[in-house]
file final.csv (CSV, N, CA and C atoms)
chain,number,residue,atom,x,y,z
A,1,MET,N,-2.4,82.6,251.2
A,1,MET,CA,-1.2,83.3,251.0
A,1,MET,C,-0.2,83.1,252.2
A,2,ARG,N,-0.7,82.5,253.3
A,2,ARG,CA,0.2,82.3,254.4
A,2,ARG,C,1.4,81.6,254.1
A,3,GLY,N,1.4,80.6,253.3
A,3,GLY,CA,2.6,79.9,252.9
A,3,GLY,C,3.6,80.8,252.2
A,4,ILE,N,3.1,81.6,251.3
A,4,ILE,CA,4.0,82.5,250.6
A,4,ILE,C,4.6,83.5,251.6
A,5,ALA,N,3.8,84.1,252.5
A,5,ALA,CA,4.3,85.0,253.4
A,5,ALA,C,5.4,84.5,254.3
A,6,SER,N,5.3,83.2,254.7
A,6,SER,CA,6.4,82.6,255.5
A,6,SER,C,7.6,82.4,254.7
A,7,ILE,N,7.5,82.2,253.4
A,7,ILE,CA,8.7,82.0,252.5
A,7,ILE,C,9.3,83.4,252.3
A,8,ILE,N,8.5,84.4,252.1
A,8,ILE,CA,9.0,85.8,251.9
A,8,ILE,C,9.8,86.3,253.1
A,9,LEU,N,9.4,85.9,254.3
A,9,LEU,CA,10.2,86.3,255.5
A,9,LEU,C,11.6,85.8,255.4
A,10,THR,N,11.9,84.7,254.7
A,10,THR,CA,13.3,84.2,254.7
A,10,THR,C,14.1,84.8,253.6
A,11,LEU,N,13.5,85.6,252.7
A,11,LEU,CA,14.3,86.1,251.5
A,11,LEU,C,14.8,87.5,251.7
A,12,SER,N,15.9,87.8,251.0
A,12,SER,CA,16.3,89.2,251.0
A,12,SER,C,16.0,89.8,249.6
A,13,LEU,N,15.8,89.0,248.6
A,13,LEU,CA,15.5,89.4,247.3
A,13,LEU,C,14.2,88.7,246.8
A,14,VAL,N,13.3,89.5,246.3
A,14,VAL,CA,12.0,89.0,245.8
A,14,VAL,C,11.9,89.4,244.3
A,15,LEU,N,12.0,88.5,243.4
A,15,LEU,CA,11.7,88.7,242.0
A,15,LEU,C,10.3,88.1,241.7
A,16,PHE,N,9.4,89.0,241.2
A,16,PHE,CA,8.1,88.3,240.9
A,16,PHE,C,7.7,88.7,239.5
A,17,CYS,N,7.2,87.7,238.8
A,17,CYS,CA,6.8,87.8,237.4
A,17,CYS,C,5.3,87.6,237.3
A,18,ALA,N,4.7,88.4,236.6
A,18,ALA,CA,3.3,88.3,236.4
A,18,ALA,C,2.9,88.9,235.0
A,19,PRO,N,1.9,88.4,234.4
A,19,PRO,CA,1.5,89.0,233.1
A,19,PRO,C,0.9,90.4,233.3
A,20,ILE,N,1.1,91.2,232.3
A,20,ILE,CA,0.5,92.5,232.2
A,20,ILE,C,-0.8,92.4,231.4
A,21,LEU,N,-1.9,92.7,232.0
A,21,LEU,CA,-3.2,92.6,231.3
A,21,LEU,C,-3.8,94.0,231.2
A,22,TRP,N,-4.1,94.5,230.0
A,22,TRP,CA,-4.7,95.8,229.8
A,22,TRP,C,-3.9,96.9,230.5
A,23,GLY,N,-2.6,96.8,230.4
A,23,GLY,CA,-1.7,97.9,230.9
A,23,GLY,C,-1.4,97.8,232.3
A,24,GLY,N,-1.7,96.8,233.1
A,24,GLY,CA,-1.3,96.7,234.5
A,24,GLY,C,-1.3,95.3,235.0
A,25,PHE,N,-0.7,95.1,236.2
A,25,PHE,CA,-0.8,93.8,236.9
A,25,PHE,C,-2.2,93.6,237.3
A,26,SER,N,-2.6,92.3,237.4
A,26,SER,CA,-3.9,92.0,237.8
A,26,SER,C,-4.2,92.2,239.3
A,27,TRP,N,-5.4,92.2,239.7
A,27,TRP,CA,-5.8,92.4,241.1
A,27,TRP,C,-5.1,91.4,242.0
A,28,VAL,N,-4.8,90.2,241.5
A,28,VAL,CA,-4.1,89.2,242.3
A,28,VAL,C,-2.8,89.7,242.8
A,29,ILE,N,-2.0,90.4,241.9
A,29,ILE,CA,-0.8,91.0,242.3
A,29,ILE,C,-1.0,92.1,243.4
A,30,ASP,N,-2.0,92.9,243.2
A,30,ASP,CA,-2.3,93.9,244.2
A,30,ASP,C,-2.5,93.3,245.5
A,31,ASP,N,-3.3,92.2,245.6
A,31,ASP,CA,-3.5,91.5,246.9
A,31,ASP,C,-2.2,91.0,247.4
A,32,PHE,N,-1.4,90.4,246.6
A,32,PHE,CA,-0.1,89.8,247.0
A,32,PHE,C,0.7,90.9,247.7
A,33,VAL,N,0.8,92.0,247.0
A,33,VAL,CA,1.7,93.1,247.6
A,33,VAL,C,1.1,93.7,248.9
A,34,LYS,N,-0.2,93.9,248.9
A,34,LYS,CA,-0.8,94.4,250.1
A,34,LYS,C,-0.8,93.5,251.3
A,35,SER,N,-0.7,92.2,251.0
A,35,SER,CA,-0.8,91.1,252.1
A,35,SER,C,0.6,90.7,252.6
A,36,ASN,N,1.7,91.3,252.1
A,36,ASN,CA,3.0,90.8,252.5
A,36,ASN,C,3.9,92.0,252.9
A,37,ASP,N,4.8,91.7,253.9
A,37,ASP,CA,5.7,92.7,254.4
A,37,ASP,C,7.0,92.5,253.7
A,38,PHE,N,7.5,93.5,253.0
A,38,PHE,CA,8.7,93.5,252.3
A,38,PHE,C,9.9,94.2,253.0
A,39,THR,N,9.7,94.5,254.3
A,39,THR,CA,10.8,95.2,255.0
A,39,THR,C,12.1,94.4,254.9
A,40,GLY,N,13.1,95.1,254.6
A,40,GLY,CA,14.5,94.5,254.4
A,40,GLY,C,14.7,93.7,253.2
A,41,LYS,N,13.7,93.8,252.2
A,41,LYS,CA,13.8,93.0,251.0
A,41,LYS,C,14.0,94.0,249.8
A,42,THR,N,14.7,93.5,248.8
A,42,THR,CA,14.8,94.1,247.5
A,42,THR,C,13.8,93.4,246.7
A,43,VAL,N,12.9,94.2,246.1
A,43,VAL,CA,11.8,93.6,245.3
A,43,VAL,C,11.9,94.1,243.8
A,44,VAL,N,11.9,93.2,242.9
A,44,VAL,CA,12.0,93.5,241.5
A,44,VAL,C,10.8,92.9,240.7
A,45,PRO,N,9.9,93.7,240.3
A,45,PRO,CA,8.8,93.1,239.5
A,45,PRO,C,9.2,93.0,238.0
A,46,PHE,N,8.7,92.0,237.3
A,46,PHE,CA,8.9,91.9,235.9
A,46,PHE,C,7.7,91.3,235.3
A,47,CYS,N,7.5,91.4,234.0
A,47,CYS,CA,6.3,90.9,233.4
A,47,CYS,C,6.6,90.2,232.1
A,48,THR,N,5.5,89.5,231.6
A,48,THR,CA,5.5,89.0,230.3
A,48,THR,C,4.3,89.7,229.6
A,49,SER,N,4.4,90.0,228.4
A,49,SER,CA,3.3,90.6,227.7
A,49,SER,C,3.5,90.4,226.2
A,50,MET,N,2.4,90.2,225.5
A,50,MET,CA,2.5,90.2,224.0
A,50,MET,C,2.7,91.6,223.5
A,51,SER,N,2.0,92.6,224.1
A,51,SER,CA,2.1,94.0,223.5
A,51,SER,C,2.2,95.1,224.6
A,52,SER,N,1.6,94.9,225.8
A,52,SER,CA,1.6,96.0,226.8
A,52,SER,C,3.0,96.1,227.4
A,53,SER,N,3.4,97.4,227.7
A,53,SER,CA,4.6,97.6,228.4
A,53,SER,C,4.4,97.5,229.9
A,54,LEU,N,5.5,97.4,230.6
A,54,LEU,CA,5.4,97.4,232.1
A,54,LEU,C,4.8,98.7,232.6
A,55,GLY,N,5.1,99.8,231.9
A,55,GLY,CA,4.5,101.1,232.2
A,55,GLY,C,4.8,101.5,233.6
A,56,ASP,N,3.7,102.0,234.3
A,56,ASP,CA,3.8,102.4,235.7
A,56,ASP,C,3.4,101.2,236.7
A,57,SER,N,3.2,100.0,236.1
A,57,SER,CA,2.7,98.9,237.0
A,57,SER,C,3.6,98.6,238.1
A,58,GLY,N,4.9,98.6,237.9
A,58,GLY,CA,5.9,98.3,239.0
A,58,GLY,C,5.8,99.4,240.1
A,59,ARG,N,5.8,100.7,239.6
A,59,ARG,CA,5.7,101.8,240.6
A,59,ARG,C,4.3,101.7,241.3
A,60,HIS,N,3.3,101.4,240.6
A,60,HIS,CA,2.0,101.3,241.2
A,60,HIS,C,1.9,100.3,242.4
A,61,VAL,N,2.5,99.1,242.1
A,61,VAL,CA,2.4,98.1,243.2
A,61,VAL,C,3.4,98.5,244.4
A,62,ALA,N,4.5,99.1,244.0
A,62,ALA,CA,5.4,99.6,245.1
A,62,ALA,C,4.7,100.6,246.0
A,63,GLU,N,3.8,101.4,245.4
A,63,GLU,CA,3.2,102.5,246.2
A,63,GLU,C,2.1,101.9,247.1
A,64,MET,N,1.7,100.6,246.9
A,64,MET,CA,0.7,99.9,247.8
A,64,MET,C,1.3,99.5,249.1
A,65,THR,N,2.6,99.5,249.2
A,65,THR,CA,3.2,99.1,250.5
A,65,THR,C,4.2,100.1,250.9
A,66,SER,N,4.5,100.2,252.2
A,66,SER,CA,5.5,101.1,252.7
A,66,SER,C,6.8,100.4,253.0
A,67,SER,N,6.9,99.2,252.5
A,67,SER,CA,8.1,98.4,252.9
A,67,SER,C,8.8,97.9,251.6
A,68,GLY,N,10.1,97.7,251.8
A,68,GLY,CA,10.9,97.1,250.7
A,68,GLY,C,11.6,98.2,249.9
A,69,ASN,N,12.7,97.7,249.3
A,69,ASN,CA,13.4,98.6,248.3
A,69,ASN,C,13.0,98.1,246.9
A,70,TRP,N,12.1,98.8,246.3
A,70,TRP,CA,11.6,98.4,245.0
A,70,TRP,C,12.5,98.9,243.9
A,71,LEU,N,13.0,98.1,243.0
A,71,LEU,CA,13.7,98.4,241.9
A,71,LEU,C,12.8,98.5,240.6
A,72,ASP,N,13.3,99.2,239.6
A,72,ASP,CA,12.6,99.2,238.3
A,72,ASP,C,12.5,97.8,237.8
A,73,GLY,N,11.4,97.5,237.2
A,73,GLY,CA,11.2,96.2,236.6
A,73,GLY,C,11.5,96.2,235.1
A,74,LYS,N,11.1,95.1,234.5
A,74,LYS,CA,11.3,94.9,233.0
A,74,LYS,C,10.2,94.1,232.4
A,75,ARG,N,9.9,94.4,231.2
A,75,ARG,CA,8.9,93.6,230.4
A,75,ARG,C,9.7,92.7,229.5
A,76,PHE,N,9.3,91.5,229.4
A,76,PHE,CA,9.8,90.5,228.5
A,76,PHE,C,8.7,90.1,227.5
A,77,GLY,N,9.0,90.0,226.3
A,77,GLY,CA,8.0,89.6,225.3
A,77,GLY,C,7.8,88.1,225.4
A,78,THR,N,6.8,87.6,224.7
A,78,THR,CA,6.4,86.2,224.8
A,78,THR,C,7.5,85.3,224.3
A,79,ARG,N,8.5,85.7,223.6
A,79,ARG,CA,9.5,84.8,223.1
A,79,ARG,C,10.9,85.1,223.8
A,80,ALA,N,10.8,85.6,225.0
A,80,ALA,CA,12.1,85.9,225.7
A,80,ALA,C,12.7,84.5,226.0
A,81,SER,N,14.0,84.5,225.9
A,81,SER,CA,14.8,83.2,226.1
A,81,SER,C,15.2,83.2,227.6
A,82,ASP,N,15.6,82.0,228.0
A,82,ASP,CA,16.1,81.9,229.4
A,82,ASP,C,17.4,82.7,229.5
A,83,THR,N,18.2,82.8,228.5
A,83,THR,CA,19.4,83.5,228.5
A,83,THR,C,19.1,85.0,228.7
A,84,GLU,N,18.2,85.5,228.0
A,84,GLU,CA,17.8,86.9,228.0
A,84,GLU,C,17.4,87.3,229.5
A,85,VAL,N,16.5,86.5,230.1
A,85,VAL,CA,16.1,86.7,231.4
A,85,VAL,C,17.3,86.6,232.4
A,86,GLN,N,18.1,85.6,232.3
A,86,GLN,CA,19.2,85.5,233.2
A,86,GLN,C,20.2,86.7,233.0
A,87,GLU,N,20.5,87.1,231.8
A,87,GLU,CA,21.3,88.3,231.6
A,87,GLU,C,20.8,89.5,232.3
A,88,TRP,N,19.5,89.7,232.3
A,88,TRP,CA,18.8,90.8,232.9
A,88,TRP,C,19.0,90.7,234.5
A,89,ILE,N,18.7,89.5,235.0
A,89,ILE,CA,18.9,89.3,236.4
A,89,ILE,C,20.4,89.6,236.8
A,90,ASP,N,21.3,89.1,236.1
A,90,ASP,CA,22.7,89.3,236.4
A,90,ASP,C,23.1,90.8,236.3
A,91,SER,N,22.4,91.6,235.4
A,91,SER,CA,22.7,93.0,235.3
A,91,SER,C,22.2,93.8,236.5
A,92,LEU,N,21.3,93.2,237.3
A,92,LEU,CA,20.8,93.9,238.5
A,92,LEU,C,21.9,94.1,239.5
A,93,GLU,N,22.9,93.2,239.5
A,93,GLU,CA,24.1,93.2,240.4
A,93,GLU,C,23.6,93.2,241.8
A,94,ILE,N,22.7,92.3,242.1
A,94,ILE,CA,22.2,92.2,243.5
A,94,ILE,C,22.8,90.9,244.1
A,95,ASN,N,23.3,91.1,245.3
A,95,ASN,CA,23.9,89.9,245.9
A,95,ASN,C,23.0,89.3,246.9

call {"tool": "encode", "arguments": {"input": "final.csv", "output": "structure tokens"}}
result
Amino acid sequence: MRGIASIILTLSLVLFCAPILWGGFSWVIDDFVKSNDFTGKTVVPFCTSMSSSLGDSGRHVAEMTSSGNWLDGKRFGTRASDTEVQEWIDSLEIN
């Protein structure tokens, strides 16, 4: 993950998408969050899922780190269009 960590250092906005499995992000996401410093970053988790909601998954991963400004995430179904995702990103009004 060293490569990812060096990329994150250059960003002010981190959007990460991962599938929700059995009501939560997988342990891989837990490790990603624990292993990176989000100081000075706005972080927005979102997910894809056939049936599970995002639930508390976004809040759960935000609580694993003491850094970053974590915004509420969103769940997209398996048939979400590029337009739907882009409209959601635009609605965040993040510069």

call {"tool": "closest_residue", "arguments": {"input": "final.csv", "among": "A:Ser57, A:Gly3, A:Asn36, A:Pro45", "to": "A:Ile89", "atoms": "only C-alpha atoms"}}
result
A:Pro45

call {"tool": "residues_near_point", "arguments": {"input": "final.csv", "point": "(8.4, 99.4, 256.0)", "cutoff": "7 Å", "atoms": "only C-alpha atoms", "output": "list in words"}}
result
Phe38, Thr39, Ser66, Ser67 and Gly68 of chain A

call {"tool": "closest_residue", "arguments": {"input": "final.csv", "among": "A:Cys17, A:Val28, A:Ala5, A:Val44", "to": "A:Asp72", "atoms": "only N, CA and C atoms"}}
result
A:Val44

call {"tool": "select_by_dssp", "arguments": {"input": "final.csv", "residues": "stretch 2-93 of chain A", "states": "strand (DSSP E)", "output": "ChimeraX atom specification"}}
result
/A:13-19,42-48,69-70,74-76

call {"tool": "residues_near_point", "arguments": {"input": "final.csv", "point": "(2.8, 93.8, 235.4)", "cutoff": "7 Å", "atoms": "only N, CA and C atoms", "output": "CSV table (one decimal) with N, CA and C atoms, in the coordinates of the input"}}
result
chain,number,residue,atom,x,y,z
A,17,CYS,N,7.2,87.7,238.8
A,17,CYS,CA,6.8,87.8,237.4
A,17,CYS,C,5.3,87.6,237.3
A,18,ALA,N,4.7,88.4,236.6
A,18,ALA,CA,3.3,88.3,236.4
A,18,ALA,C,2.9,88.9,235.0
A,19,PRO,N,1.9,88.4,234.4
A,19,PRO,CA,1.5,89.0,233.1
A,19,PRO,C,0.9,90.4,233.3
A,20,ILE,N,1.1,91.2,232.3
A,20,ILE,CA,0.5,92.5,232.2
A,20,ILE,C,-0.8,92.4,231.4
A,21,LEU,N,-1.9,92.7,232.0
A,21,LEU,CA,-3.2,92.6,231.3
A,21,LEU,C,-3.8,94.0,231.2
A,23,GLY,N,-2.6,96.8,230.4
A,23,GLY,CA,-1.7,97.9,230.9
A,23,GLY,C,-1.4,97.8,232.3
A,24,GLY,N,-1.7,96.8,233.1
A,24,GLY,CA,-1.3,96.7,234.5
A,24,GLY,C,-1.3,95.3,235.0
A,25,PHE,N,-0.7,95.1,236.2
A,25,PHE,CA,-0.8,93.8,236.9
A,25,PHE,C,-2.2,93.6,237.3
A,26,SER,N,-2.6,92.3,237.4
A,26,SER,CA,-3.9,92.0,237.8
A,26,SER,C,-4.2,92.2,239.3
A,45,PRO,N,9.9,93.7,240.3
A,45,PRO,CA,8.8,93.1,239.5
A,45,PRO,C,9.2,93.0,238.0
A,46,PHE,N,8.7,92.0,237.3
A,46,PHE,CA,8.9,91.9,235.9
A,46,PHE,C,7.7,91.3,235.3
A,47,CYS,N,7.5,91.4,234.0
A,47,CYS,CA,6.3,90.9,233.4
A,47,CYS,C,6.6,90.2,232.1
A,48,THR,N,5.5,89.5,231.6
A,48,THR,CA,5.5,89.0,230.3
A,48,THR,C,4.3,89.7,229.6
A,53,SER,N,3.4,97.4,227.7
A,53,SER,CA,4.6,97.6,228.4
A,53,SER,C,4.4,97.5,229.9
A,54,LEU,N,5.5,97.4,230.6
A,54,LEU,CA,5.4,97.4,232.1
A,54,LEU,C,4.8,98.7,232.6
A,57,SER,N,3.2,100.0,236.1
A,57,SER,CA,2.7,98.9,237.0
A,57,SER,C,3.6,98.6,238.1
A,58,GLY,N,4.9,98.6,237.9
A,58,GLY,CA,5.9,98.3,239.0
A,58,GLY,C,5.8,99.4,240.1

call {"tool": "select_by_dssp", "arguments": {"input": "final.csv", "residues": "stretch 15-55 of chain A", "states": "alpha helix (DSSP H)", "output": "PDB file with N, CA and C atoms, in the coordinates of the input"}}
result
ATOM      1  N   TRP A  27      -5.400  92.200 239.700  1.00  0.00           N
ATOM      2  CA  TRP A  27      -5.800  92.400 241.100  1.00  0.00           C
ATOM      3  C   TRP A  27      -5.100  91.400 242.000  1.00  0.00           C
ATOM      4  N   VAL A  28      -4.800  90.200 241.500  1.00  0.00           N
ATOM      5  CA  VAL A  28      -4.100  89.200 242.300  1.00  0.00           C
ATOM      6  C   VAL A  28      -2.800  89.700 242.800  1.00  0.00           C
ATOM      7  N   ILE A  29      -2.000  90.400 241.900  1.00  0.00           N
ATOM      8  CA  ILE A  29      -0.800  91.000 242.300  1.00  0.00           C
ATOM      9  C   ILE A  29      -1.000  92.100 243.400  1.00  0.00           C
ATOM     10  N   ASP A  30      -2.000  92.900 243.200  1.00  0.00           N
ATOM     11  CA  ASP A  30      -2.300  93.900 244.200  1.00  0.00           C
ATOM     12  C   ASP A  30      -2.500  93.300 245.500  1.00  0.00           C
ATOM     13  N   ASP A  31      -3.300  92.200 245.600  1.00  0.00           N
ATOM     14  CA  ASP A  31      -3.500  91.500 246.900  1.00  0.00           C
ATOM     15  C   ASP A  31      -2.200  91.000 247.400  1.00  0.00           C
ATOM     16  N   PHE A  32      -1.400  90.400 246.600  1.00  0.00           N
ATOM     17  CA  PHE A  32      -0.100  89.800 247.000  1.00  0.00           C
ATOM     18  C   PHE A  32       0.700  90.900 247.700  1.00  0.00           C
ATOM     19  N   VAL A  33       0.800  92.000 247.000  1.00  0.00           N
ATOM     20  CA  VAL A  33       1.700  93.100 247.600  1.00  0.00           C
ATOM     21  C   VAL A  33       1.100  93.700 248.900  1.00  0.00           C
ATOM     22  N   LYS A  34      -0.200  93.900 248.900  1.00  0.00           N
ATOM     23  CA  LYS A  34      -0.800  94.400 250.100  1.00  0.00           C
ATOM     24  C   LYS A  34      -0.800  93.500 251.300  1.00  0.00           C
TER      25      LYS A  34
END

call {"tool": "closest_residue", "arguments": {"input": "final.csv", "among": "A:Val33, A:Ala80, A:Leu9, A:Ile4", "to": "A:Ser49", "atoms": "only C-alpha atoms"}}
result
A:Ala80
